[in-house]
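Undergrad: Contents of data26.pdb (PDB, C-alpha atoms) are given next:
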MODEL        1
ATOM      1  CA  MET A   1       0.000   0.000   0.000
ATOM      2  CA  LYS A   2       2.691   2.461   1.056
ATOM      3  CA  ARG A   3       4.925   1.380  -1.744
ATOM      4  CA  ILE A   4       2.174   1.940  -4.290
ATOM      5  CA  THR A   5       1.461   5.510  -3.149
ATOM      6  CA  ARG A   6       5.146   6.285  -3.353
ATOM      7  CA  LYS A   7       5.222   4.895  -6.856
ATOM      8  CA  TYR A   8       2.226   7.011  -7.846
ATOM      9  CA  MET A   9       3.718  10.045  -6.290
ATOM     10  CA  LEU A  10       6.894   9.568  -8.253
ATOM     11  CA  LEU A  11       4.893   9.156 -11.446
ATOM     12  CA  TYR A  12       2.875  12.250 -10.605
ATOM     13  CA  LEU A  13       6.046  14.223 -10.037
ATOM     14  CA  VAL A  14       7.539  13.119 -13.307
ATOM     15  CA  ILE A  15       4.401  13.918 -15.249
ATOM     16  CA  SER A  16       3.977  17.334 -13.679
ATOM     17  CA  ALA A  17       7.629  18.138 -14.335
ATOM     18  CA  ALA A  18       7.211  17.128 -17.971
ATOM     19  CA  ILE A  19       4.097  19.267 -18.310
ATOM     20  CA  GLY A  20       5.816  22.178 -16.641
ATOM     21  CA  ILE A  21       8.813  21.965 -18.935
ATOM     22  CA  SER A  22       6.676  21.680 -22.025
ATOM     23  CA  LEU A  23       4.578  24.642 -20.883
ATOM     24  CA  VAL A  24       7.660  26.759 -20.323
ATOM     25  CA  GLY A  25       8.945  25.654 -23.709
ATOM     26  CA  CYS A  26       5.698  26.647 -25.339
ATOM     27  CA  SER A  27       5.290  30.007 -23.688
ATOM     28  CA  HIS A  28       8.877  31.081 -24.402
ATOM     29  CA  THR A  29      10.140  31.523 -27.931
ATOM     30  CA  PRO A  30      13.422  29.642 -28.493
ATOM     31  CA  PRO A  31      16.373  31.783 -27.426
ATOM     32  CA  ARG A  32      18.098  33.817 -30.078
ATOM     33  CA  PRO A  33      21.020  31.703 -31.354
ATOM     34  CA  VAL A  34      24.473  32.806 -30.260
ATOM     35  CA  GLU A  35      25.691  32.501 -33.855
ATOM     36  CA  LEU A  36      23.451  35.364 -34.900
ATOM     37  CA  ASP A  37      25.001  37.731 -32.362
ATOM     38  CA  GLN A  38      28.485  36.521 -33.259
ATOM     39  CA  ALA A  39      27.785  37.193 -36.904
ATOM     40  CA  ARG A  40      26.434  40.649 -36.110
ATOM     41  CA  MET A  41      29.545  41.419 -34.080
ATOM     42  CA  ALA A  42      31.888  40.161 -36.792
ATOM     43  CA  TYR A  43      30.072  42.270 -39.360
ATOM     44  CA  ALA A  44      30.075  45.373 -37.136
ATOM     45  CA  GLU A  45      33.806  44.941 -36.575
ATOM     46  CA  ALA A  46      34.517  44.636 -40.268
ATOM     47  CA  GLN A  47      32.297  47.607 -41.066
ATOM     48  CA  ALA A  48      33.991  49.770 -38.428
ATOM     49  CA  ASN A  49      37.377  49.099 -40.039
ATOM     50  CA  PRO A  50      37.922  51.923 -42.554
ATOM     51  CA  GLN A  51      40.324  49.750 -44.553
ATOM     52  CA  VAL A  52      37.619  47.113 -45.065
ATOM     53  CA  ALA A  53      34.948  49.688 -45.877
ATOM     54  CA  SER A  54      37.134  51.353 -48.506
ATOM     55  CA  ARG A  55      39.043  48.388 -49.955
ATOM     56  CA  ALA A  56      36.470  45.559 -49.881
ATOM     57  CA  PRO A  57      33.029  47.155 -50.149
ATOM     58  CA  VAL A  58      31.528  44.334 -52.232
ATOM     59  CA  ALA A  59      32.539  41.563 -49.828
ATOM     60  CA  LEU A  60      31.293  43.684 -46.939
ATOM     61  CA  ARG A  61      27.917  44.154 -48.598
ATOM     62  CA  GLU A  62      27.631  40.421 -49.230
ATOM     63  CA  ALA A  63      28.264  39.814 -45.545
ATOM     64  CA  GLU A  64      25.597  42.354 -44.663
ATOM     65  CA  GLU A  65      23.060  40.793 -47.009
ATOM     66  CA  THR A  66      23.615  37.331 -45.556
ATOM     67  CA  LEU A  67      23.321  38.704 -42.042
ATOM     68  CA  LEU A  68      20.078  40.498 -42.873
ATOM     69  CA  ARG A  69      18.707  37.306 -44.400
ATOM     70  CA  ALA A  70      19.569  35.394 -41.246
ATOM     71  CA  GLU A  71      17.865  38.034 -39.099
ATOM     72  CA  ARG A  72      14.803  37.995 -41.336
ATOM     73  CA  ILE A  73      14.455  34.220 -41.184
ATOM     74  CA  TRP A  74      14.919  34.353 -37.447
ATOM     75  CA  ASP A  75      12.166  36.962 -37.030
ATOM     76  CA  LYS A  76       9.769  35.169 -39.380
ATOM     77  CA  ASP A  77      10.269  31.421 -39.097
ATOM     78  CA  LYS A  78      12.544  30.851 -36.097
ATOM     79  CA  ASP A  79      14.147  28.128 -38.208
ATOM     80  CA  LEU A  80      17.137  27.447 -35.985
ATOM     81  CA  LYS A  81      19.082  25.279 -38.444
ATOM     82  CA  GLU A  82      18.731  27.759 -41.272
ATOM     83  CA  VAL A  83      19.483  30.767 -39.073
ATOM     84  CA  ARG A  84      22.564  29.142 -37.563
ATOM     85  CA  ASN A  85      23.823  28.236 -41.002
ATOM     86  CA  LEU A  86      23.232  31.691 -42.459
ATOM     87  CA  ALA A  87      24.809  33.316 -39.414
ATOM     88  CA  ALA A  88      27.924  31.172 -39.860
ATOM     89  CA  VAL A  89      28.029  32.098 -43.554
ATOM     90  CA  ALA A  90      27.608  35.804 -42.731
ATOM     91  CA  ARG A  91      30.435  35.621 -40.216
ATOM     92  CA  GLN A  92      32.768  34.001 -42.714
ATOM     93  CA  ARG A  93      31.800  36.602 -45.299
ATOM     94  CA  ALA A  94      32.821  39.325 -42.860
ATOM     95  CA  GLU A  95      36.143  37.498 -42.486
ATOM     96  CA  ILE A  96      36.465  37.334 -46.270
ATOM     97  CA  ALA A  97      35.910  41.090 -46.449
ATOM     98  CA  ARG A  98      38.671  41.636 -43.924
ATOM     99  CA  ALA A  99      41.067  39.287 -45.705
ATOM    100  CA  ALA A 100      40.266  40.935 -49.043
ATOM    101  CA  ALA A 101      40.993  44.366 -47.550
ATOM    102  CA  GLU A 102      44.300  43.083 -46.182
ATOM    103  CA  GLN A 103      45.144  41.647 -49.582
ATOM    104  CA  LYS A 104      44.399  44.992 -51.280
ATOM    105  CA  GLN A 105      46.453  46.840 -48.709
ATOM    106  CA  ALA A 106      49.409  44.489 -49.159
ATOM    107  CA  GLU A 107      49.096  44.892 -52.919
ATOM    108  CA  ALA A 108      49.214  48.677 -52.658
ATOM    109  CA  GLU A 109      52.251  48.406 -50.418
ATOM    110  CA  LEU A 110      53.923  46.050 -52.850
ATOM    111  CA  GLU A 111      53.335  48.518 -55.673
ATOM    112  CA  GLU A 112      54.826  51.357 -53.659
ATOM    113  CA  LEU A 113      57.841  49.243 -52.755
ATOM    114  CA  THR A 114      58.355  48.236 -56.373
ATOM    115  CA  ALA A 115      58.396  51.895 -57.388
ATOM    116  CA  SER A 116      60.915  52.842 -54.715
ATOM    117  CA  ARG A 117      63.106  49.854 -55.602
ATOM    118  CA  ASP A 118      63.099  50.918 -59.251
ATOM    119  CA  ARG A 119      64.022  54.440 -58.193
ATOM    120  CA  LEU A 120      66.883  53.119 -56.089
ATOM    121  CA  LEU A 121      68.158  50.937 -58.917
ATOM    122  CA  LEU A 122      68.042  53.861 -61.312
ATOM    123  CA  ASP A 123      69.912  56.039 -58.851
ATOM    124  CA  ALA A 124      72.539  53.370 -58.367
ATOM    125  CA  ARG A 125      72.985  52.977 -62.110
ATOM    126  CA  THR A 126      73.263  56.711 -62.626
ATOM    127  CA  ARG A 127      75.826  56.907 -59.875
ATOM    128  CA  GLU A 128      77.806  54.044 -61.350
ATOM    129  CA  ALA A 129      77.782  55.661 -64.765
ATOM    130  CA  GLN A 130      78.951  58.925 -63.224
ATOM    131  CA  GLN A 131      81.726  57.147 -61.411
ATOM    132  CA  ALA A 132      82.790  55.366 -64.564
ATOM    133  CA  GLN A 133      82.893  58.648 -66.444
ATOM    134  CA  GLU A 134      84.916  60.304 -63.716
ATOM    135  CA  GLN A 135      87.302  57.410 -63.739
ATOM    136  CA  ALA A 136      87.673  57.613 -67.497
ATOM    137  CA  GLU A 137      88.344  61.338 -67.308
ATOM    138  CA  ARG A 138      90.941  60.806 -64.634
ATOM    139  CA  ALA A 139      92.652  58.134 -66.718
ATOM    140  CA  GLN A 140      92.627  60.449 -69.713
ATOM    141  CA  ARG A 141      94.177  63.223 -67.671
ATOM    142  CA  GLU A 142      96.855  60.894 -66.412
ATOM    143  CA  ALA A 143      97.605  59.683 -69.905
ATOM    144  CA  ASP A 144      97.897  63.267 -71.119
ATOM    145  CA  GLN A 145     100.267  64.043 -68.300
ATOM    146  CA  ALA A 146     102.420  61.035 -69.072
ATOM    147  CA  TYR A 147     102.550  62.044 -72.718
ATOM    148  CA  GLN A 148     103.629  65.518 -71.791
ATOM    149  CA  GLN A 149     106.338  64.106 -69.597
ATOM    150  CA  VAL A 150     107.604  61.824 -72.332
ATOM    151  CA  ARG A 151     107.618  64.679 -74.759
ATOM    152  CA  ALA A 152     109.560  66.877 -72.377
ATOM    153  CA  ALA A 153     112.061  64.103 -71.766
ATOM    154  CA  THR A 154     112.475  63.530 -75.484
ATOM    155  CA  THR A 155     113.082  67.199 -76.110
ATOM    156  CA  GLN A 156     115.620  67.286 -73.360
ATOM    157  CA  SER A 157     117.467  64.262 -74.614
ATOM    158  CA  MET A 158     117.513  65.668 -78.134
ATOM    159  CA  GLN A 159     118.992  68.879 -76.834
ATOM    160  CA  LEU A 160     121.581  66.964 -74.896
ATOM    161  CA  GLU A 161     122.449  64.984 -77.980
ATOM    162  CA  ARG A 162     122.800  68.161 -79.953
ATOM    163  CA  GLU A 163     124.986  69.639 -77.278
ATOM    164  CA  LEU A 164     127.041  66.500 -77.186
ATOM    165  CA  SER A 165     127.620  66.463 -80.943
ATOM    166  CA  TYR A 166     128.470  70.149 -80.794
ATOM    167  CA  THR A 167     131.037  69.464 -78.105
ATOM    168  CA  LYS A 168     132.448  66.607 -80.162
ATOM    169  CA  GLU A 169     132.826  68.854 -83.185
ATOM    170  CA  GLU A 170     134.509  71.458 -81.071
ATOM    171  CA  LEU A 171     136.804  68.865 -79.650
ATOM    172  CA  ALA A 172     137.657  67.579 -83.144
ATOM    173  CA  ALA A 173     138.360  71.115 -84.353
ATOM    174  CA  LYS A 174     140.554  71.762 -81.408
ATOM    175  CA  GLU A 175     142.405  68.499 -82.015
ATOM    176  CA  ALA A 176     142.877  69.343 -85.672
ATOM    177  CA  ALA A 177     144.178  72.795 -84.759
ATOM    178  CA  ALA A 178     146.590  71.284 -82.297
ATOM    179  CA  LYS A 179     147.838  68.784 -84.911
ATOM    180  CA  GLU A 180     148.360  71.541 -87.426
ATOM    181  CA  ALA A 181     150.224  73.633 -84.901
ATOM    182  CA  ALA A 182     152.413  70.710 -84.064
ATOM    183  CA  ALA A 183     153.126  70.003 -87.755
ATOM    184  CA  ARG A 184     154.022  73.586 -88.365
ATOM    185  CA  ALA A 185     156.315  73.607 -85.398
ATOM    186  CA  ARG A 186     158.029  70.511 -86.718
ATOM    187  CA  THR A 187     158.628  72.013 -90.170
ATOM    188  CA  LYS A 188     160.024  75.160 -88.646
ATOM    189  CA  HIS A 189     162.397  73.166 -86.583
ATOM    190  CA  ARG A 190     163.571  71.166 -89.585
ATOM    191  CA  THR A 191     164.200  74.203 -91.692
ATOM    192  CA  ARG A 192     166.133  75.747 -88.907
ATOM    193  CA  ALA A 193     168.257  72.582 -88.546
ATOM    194  CA  TYR A 194     169.333  72.609 -92.169
TER     195      TYR A 194
ATOM    196  CA  MET B 195      -9.607 -11.501 -62.258
ATOM    197  CA  THR B 196      -5.902 -12.210 -62.442
ATOM    198  CA  SER B 197      -5.484  -9.666 -65.274
ATOM    199  CA  MET B 198      -7.169  -7.054 -63.117
ATOM    200  CA  LYS B 199      -4.726  -7.881 -60.349
ATOM    201  CA  VAL B 200      -1.783  -7.572 -62.715
ATOM    202  CA  VAL B 201      -2.992  -4.209 -63.997
ATOM    203  CA  ALA B 202      -3.474  -2.978 -60.471
ATOM    204  CA  GLN B 203       0.006  -4.124 -59.551
ATOM    205  CA  LEU B 204       1.456  -2.414 -62.593
ATOM    206  CA  LEU B 205      -0.354   0.814 -61.764
ATOM    207  CA  LEU B 206       0.933   0.642 -58.234
ATOM    208  CA  LEU B 207       4.452   0.046 -59.488
ATOM    209  CA  CYS B 208       4.177   3.011 -61.860
ATOM    210  CA  GLY B 209       2.872   5.184 -59.069
ATOM    211  CA  VAL B 210       5.680   4.153 -56.761
ATOM    212  CA  ILE B 211       8.295   4.743 -59.431
ATOM    213  CA  GLY B 212       6.809   8.103 -60.291
ATOM    214  CA  LEU B 213       6.677   9.161 -56.670
ATOM    215  CA  SER B 214      10.160   7.960 -55.885
ATOM    216  CA  SER B 215      11.600   9.674 -58.960
ATOM    217  CA  CYS B 216       9.858  12.838 -57.866
ATOM    218  CA  ALA B 217      11.189  12.565 -54.353
ATOM    219  CA  SER B 218      14.748  11.622 -55.282
ATOM    220  CA  LYS B 219      15.287  14.305 -57.876
ATOM    221  CA  PRO B 220      17.510  16.865 -56.150
ATOM    222  CA  PRO B 221      16.517  20.516 -56.511
ATOM    223  CA  ALA B 222      18.512  22.202 -59.266
ATOM    224  CA  ALA B 223      19.520  25.047 -56.944
ATOM    225  CA  THR B 224      21.067  22.628 -54.473
ATOM    226  CA  VAL B 225      22.930  20.755 -57.212
ATOM    227  CA  SER B 226      24.389  24.012 -58.484
ATOM    228  CA  GLN B 227      25.302  25.119 -54.966
ATOM    229  CA  VAL B 228      27.150  21.886 -54.287
ATOM    230  CA  SER B 229      29.038  22.080 -57.562
ATOM    231  CA  GLN B 230      29.871  25.732 -56.844
ATOM    232  CA  ALA B 231      31.317  24.680 -53.514
ATOM    233  CA  GLU B 232      33.285  21.902 -55.252
ATOM    234  CA  LEU B 233      34.719  24.407 -57.698
ATOM    235  CA  ALA B 234      35.644  26.843 -54.943
ATOM    236  CA  VAL B 235      37.397  24.116 -52.952
ATOM    237  CA  GLN B 236      39.295  22.991 -56.056
ATOM    238  CA  GLN B 237      40.356  26.542 -56.814
ATOM    239  CA  ALA B 238      41.476  27.130 -53.244
ATOM    240  CA  SER B 239      43.450  23.877 -53.298
ATOM    241  CA  LYS B 240      45.326  25.104 -56.369
ATOM    242  CA  SER B 241      46.185  28.412 -54.695
ATOM    243  CA  LYS B 242      48.596  28.922 -51.808
ATOM    244  CA  ALA B 243      45.796  28.031 -49.377
ATOM    245  CA  PRO B 244      47.219  24.591 -48.477
ATOM    246  CA  GLU B 245      50.316  26.441 -47.282
ATOM    247  CA  TYR B 246      48.943  29.650 -45.766
ATOM    248  CA  ALA B 247      45.297  28.869 -44.841
ATOM    249  CA  SER B 248      45.285  25.156 -44.219
ATOM    250  CA  LEU B 249      42.717  25.294 -41.429
ATOM    251  CA  GLU B 250      40.131  27.129 -43.513
ATOM    252  CA  LEU B 251      40.759  24.854 -46.473
ATOM    253  CA  TYR B 252      40.439  21.771 -44.303
ATOM    254  CA  THR B 253      37.142  23.051 -42.922
ATOM    255  CA  ALA B 254      35.868  23.739 -46.424
ATOM    256  CA  ARG B 255      36.785  20.225 -47.548
ATOM    257  CA  GLU B 256      35.043  18.679 -44.557
ATOM    258  CA  GLN B 257      31.935  20.748 -45.208
ATOM    259  CA  LEU B 258      31.967  19.833 -48.871
ATOM    260  CA  ALA B 259      32.180  16.164 -47.903
ATOM    261  CA  GLY B 260      29.198  16.770 -45.604
ATOM    262  CA  ALA B 261      27.261  18.274 -48.491
ATOM    263  CA  GLN B 262      28.062  15.350 -50.769
ATOM    264  CA  GLU B 263      27.084  12.837 -48.118
ATOM    265  CA  ALA B 264      23.809  14.647 -47.512
ATOM    266  CA  MET B 265      23.155  14.565 -51.264
ATOM    267  CA  HIS B 266      23.596  10.787 -51.209
ATOM    268  CA  LYS B 267      21.188  10.557 -48.305
ATOM    269  CA  LYS B 268      18.799  12.801 -50.257
ATOM    270  CA  GLU B 269      18.799  15.352 -47.427
ATOM    271  CA  TYR B 270      18.794  18.288 -49.749
ATOM    272  CA  SER B 271      18.286  21.125 -47.261
ATOM    273  CA  GLU B 272      21.163  19.771 -45.244
ATOM    274  CA  ALA B 273      23.272  19.451 -48.387
ATOM    275  CA  ARG B 274      22.546  23.065 -49.345
ATOM    276  CA  ARG B 275      23.573  24.341 -45.921
ATOM    277  CA  TRP B 276      26.833  22.368 -45.976
ATOM    278  CA  ALA B 277      27.545  23.600 -49.496
ATOM    279  CA  GLU B 278      26.937  27.222 -48.517
ATOM    280  CA  ARG B 279      29.383  26.984 -45.649
ATOM    281  CA  ALA B 280      31.952  25.063 -47.722
ATOM    282  CA  LEU B 281      31.806  27.775 -50.377
ATOM    283  CA  VAL B 282      32.504  30.673 -48.006
ATOM    284  CA  ASN B 283      35.257  28.786 -46.225
ATOM    285  CA  ALA B 284      36.965  27.924 -49.510
ATOM    286  CA  GLN B 285      36.726  31.575 -50.556
ATOM    287  CA  LEU B 286      38.063  32.665 -47.186
ATOM    288  CA  ALA B 287      40.981  30.216 -47.475
ATOM    289  CA  GLU B 288      41.870  31.533 -50.915
ATOM    290  CA  THR B 289      41.598  35.201 -49.988
ATOM    291  CA  LYS B 290      43.623  34.725 -46.809
ATOM    292  CA  ALA B 291      46.307  32.840 -48.723
ATOM    293  CA  GLU B 292      46.477  35.563 -51.376
ATOM    294  CA  ALA B 293      46.840  38.236 -48.708
ATOM    295  CA  GLU B 294      49.596  36.274 -47.019
ATOM    296  CA  GLN B 295      51.404  35.718 -50.303
ATOM    297  CA  THR B 296      51.295  39.414 -51.134
ATOM    298  CA  ARG B 297      52.427  40.350 -47.648
ATOM    299  CA  ARG B 298      55.411  38.010 -47.964
ATOM    300  CA  ALA B 299      56.348  39.396 -51.350
ATOM    301  CA  ALA B 300      56.216  42.919 -49.897
ATOM    302  CA  ALA B 301      58.400  41.906 -46.950
ATOM    303  CA  GLU B 302      60.954  40.351 -49.296
ATOM    304  CA  LEU B 303      61.021  43.458 -51.453
ATOM    305  CA  ARG B 304      61.426  45.652 -48.386
ATOM    306  CA  GLN B 305      64.474  43.613 -47.408
ATOM    307  CA  SER B 306      66.084  43.908 -50.806
ATOM    308  CA  ILE B 307      65.436  47.661 -50.750
ATOM    309  CA  GLU B 308      67.179  47.863 -47.388
ATOM    310  CA  ALA B 309      70.138  46.033 -48.896
ATOM    311  CA  LEU B 310      70.192  48.437 -51.855
ATOM    312  CA  ARG B 311      70.088  51.457 -49.542
ATOM    313  CA  HIS B 312      72.881  49.980 -47.467
ATOM    314  CA  GLU B 313      74.971  49.517 -50.572
ATOM    315  CA  ALA B 314      74.239  53.030 -51.793
ATOM    316  CA  GLU B 315      75.366  54.522 -48.494
ATOM    317  CA  GLN B 316      78.969  53.449 -49.073
ATOM    318  CA  PRO B 317      79.650  53.911 -52.779
ATOM    319  CA  VAL B 318      83.165  55.214 -52.161
ATOM    320  CA  SER B 319      84.380  52.159 -50.344
ATOM    321  CA  ARG B 320      82.820  50.017 -53.043
ATOM    322  CA  SER B 321      84.498  51.778 -55.955
ATOM    323  CA  ARG B 322      87.896  51.511 -54.350
TER     324      ARG B 322
ENDMDL
END
How does this structure look as structure tokens?

TA:
Amino acid sequence: MKRITRKYMLLYLVISAAIGISLVGCSHTPPRPVELDQARMAYAEAQANPQVASRAPVALREAEETLLRAERIWDKDKDLKEVRNLAAVARQRAEIARAAAEQKQAEAELEELTASRDRLLLDARTREAQQAQEQAERAQREADQAYQQVRAATTQSMQLERELSYTKEELAAKEAAAKEAAARARTKHRTRAY
Amino acid sequence: MTSMKVVAQLLLLCGVIGLSSCASKPPAATVSQVSQAELAVQQASKSKAPEYASLELYTAREQLAGAQEAMHKKEYSEARRWAERALVNAQLAETKAEAEQTRRAAAELRQSIEALRHEAEQPVSRSR
């Protein structure tokens, strides 16, 4: 007898709990899925980023459209599966917008860097050409100087040679004069001896 | 009597076939969404995504497999949802990989510019 009442009481409890839960479930709409708020946050973050807004407007708009669709389906049908899916898609689209903006930014940077590298290369080439020209001019000057020196040396040696030959002639003349004088002296002596 | 039975059976068979063909024919939109996702995953696989966005690419592949499995099970709504997510993840993988590739190229160029500047700062010692 006692056991039976306890059994019934347990059953009663279980049934009332089940009814209570189902009632609560009925009276409350299902809670708004977390994914929807996450998607909204991801979109808001992307939209607040000026780089994304200016460099990836199309991807950003696609994210917004998906988000709005998710919100609409949530308001109208409360289709949890569909809303969760669309929210996840919207969130990824916001990520795509951010990645696309980063890609555009990196591309712009790459372009700028390419231009400055080209400028640097041009500068370096100009400088090298200038250096080469200066070097050539210096070499030319040195060659000119060497030529002048050679010429001066040649002139000097020619002069010396001339002087030398002049001295030789003088010497020969003097020798000849001395010989003549000696011959004359000898003849005089002979005539005197006879 | 037997002929009547046969006719009835035939009619039933036709009806069943007709119904099943109706039910098993996947919606054209879903088919196109799944093949779009396939294409996007293929394209991402050919890009630098396996190197620079492997997680996103992996996710996209898993989701695409989910879509294909759902198609086999004739769960078309499920297949469409998987395909939608696979598509965005493949696109995300590709875009992320492209961004990373460009960033790396820029970093490399910046380094070579630094080297050039360094060289240009000491032209005298170089020419001697």

Undergrad: For the structure shown, which residues end up in the ChimeraX specification (/B :<12) & /A? Put them as number ranges by chain, please?

TA: A: 56, 59, 62-63, 66, 81-132, 134-135

Undergrad: Rounded to one decimal, what separation in Å do you get between CA of Ala48 in chain A and CA of Leu60 in chain A?

TA: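 Value for the CA of Ala48 in chain A-CA of Leu60 in chain A distance: 10.8 Å.
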
Undergrad: Please list, as a list in words, the residues that have an atom at most 12 Å away from (19.1, 31.3, -29.0) in the coordinates of this file, counting only C-alpha atoms.

TA: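 Every residue inside that radius is included here: His28, Thr29, Pro30, Pro31, Arg32, Pro33, Val34, Glu35, Leu36, Asp37, Gln38, Trp74, Lys78, Asp79, Leu80, Lys81, Val83 and Arg84 of chain A.
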
Undergrad: How would you write, as a list in words, the residues chosen by the PyMOL selection byres ((chain B and resi 257-259) around 6) on this structure?

TA: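 Applied to this file, the PyMOL selection byres ((chain B and resi 257-259) around 6) returns Ala254, Arg255, Glu256, Gly260, Ala261, Gln262, Trp276, Ala277 and Ala280 of chain B.
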
Undergrad: With C-alpha atoms retained, export the selected residues as a PDB file, in the frame of the given file.

TA:
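Result saved to selection05.pdb:
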ATOM      1  CA  ALA B 254      35.868  23.739 -46.424  1.00  0.00           C
ATOM      2  CA  ARG B 255      36.785  20.225 -47.548  1.00  0.00           C
ATOM      3  CA  GLU B 256      35.043  18.679 -44.557  1.00  0.00           C
ATOM      4  CA  GLY B 260      29.198  16.770 -45.604  1.00  0.00           C
ATOM      5  CA  ALA B 261      27.261  18.274 -48.491  1.00  0.00           C
ATOM      6  CA  GLN B 262      28.062  15.350 -50.769  1.00  0.00           C
ATOM      7  CA  TRP B 276      26.833  22.368 -45.976  1.00  0.00           C
ATOM      8  CA  ALA B 277      27.545  23.600 -49.496  1.00  0.00           C
ATOM      9  CA  ALA B 280      31.952  25.063 -47.722  1.00  0.00           C
TER      10      ALA B 280
END

Undergrad: Expanded to explicit residues, what is the PyMOL selection byres ((chain B and resi 226) around 12) for this file, as a ChimeraX atom specification?

TA: /B:220-225,227-233,261,265,270,273-274,277-278,281

Undergrad: For a test of reading the model, state the distance in Å between CA of Arg186 in chain A and CA of Glu169 in chain A, rounded to one decimal.

TA: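 Separation of CA of Arg186 in chain A and CA of Glu169 in chain A: 25.5 Å.
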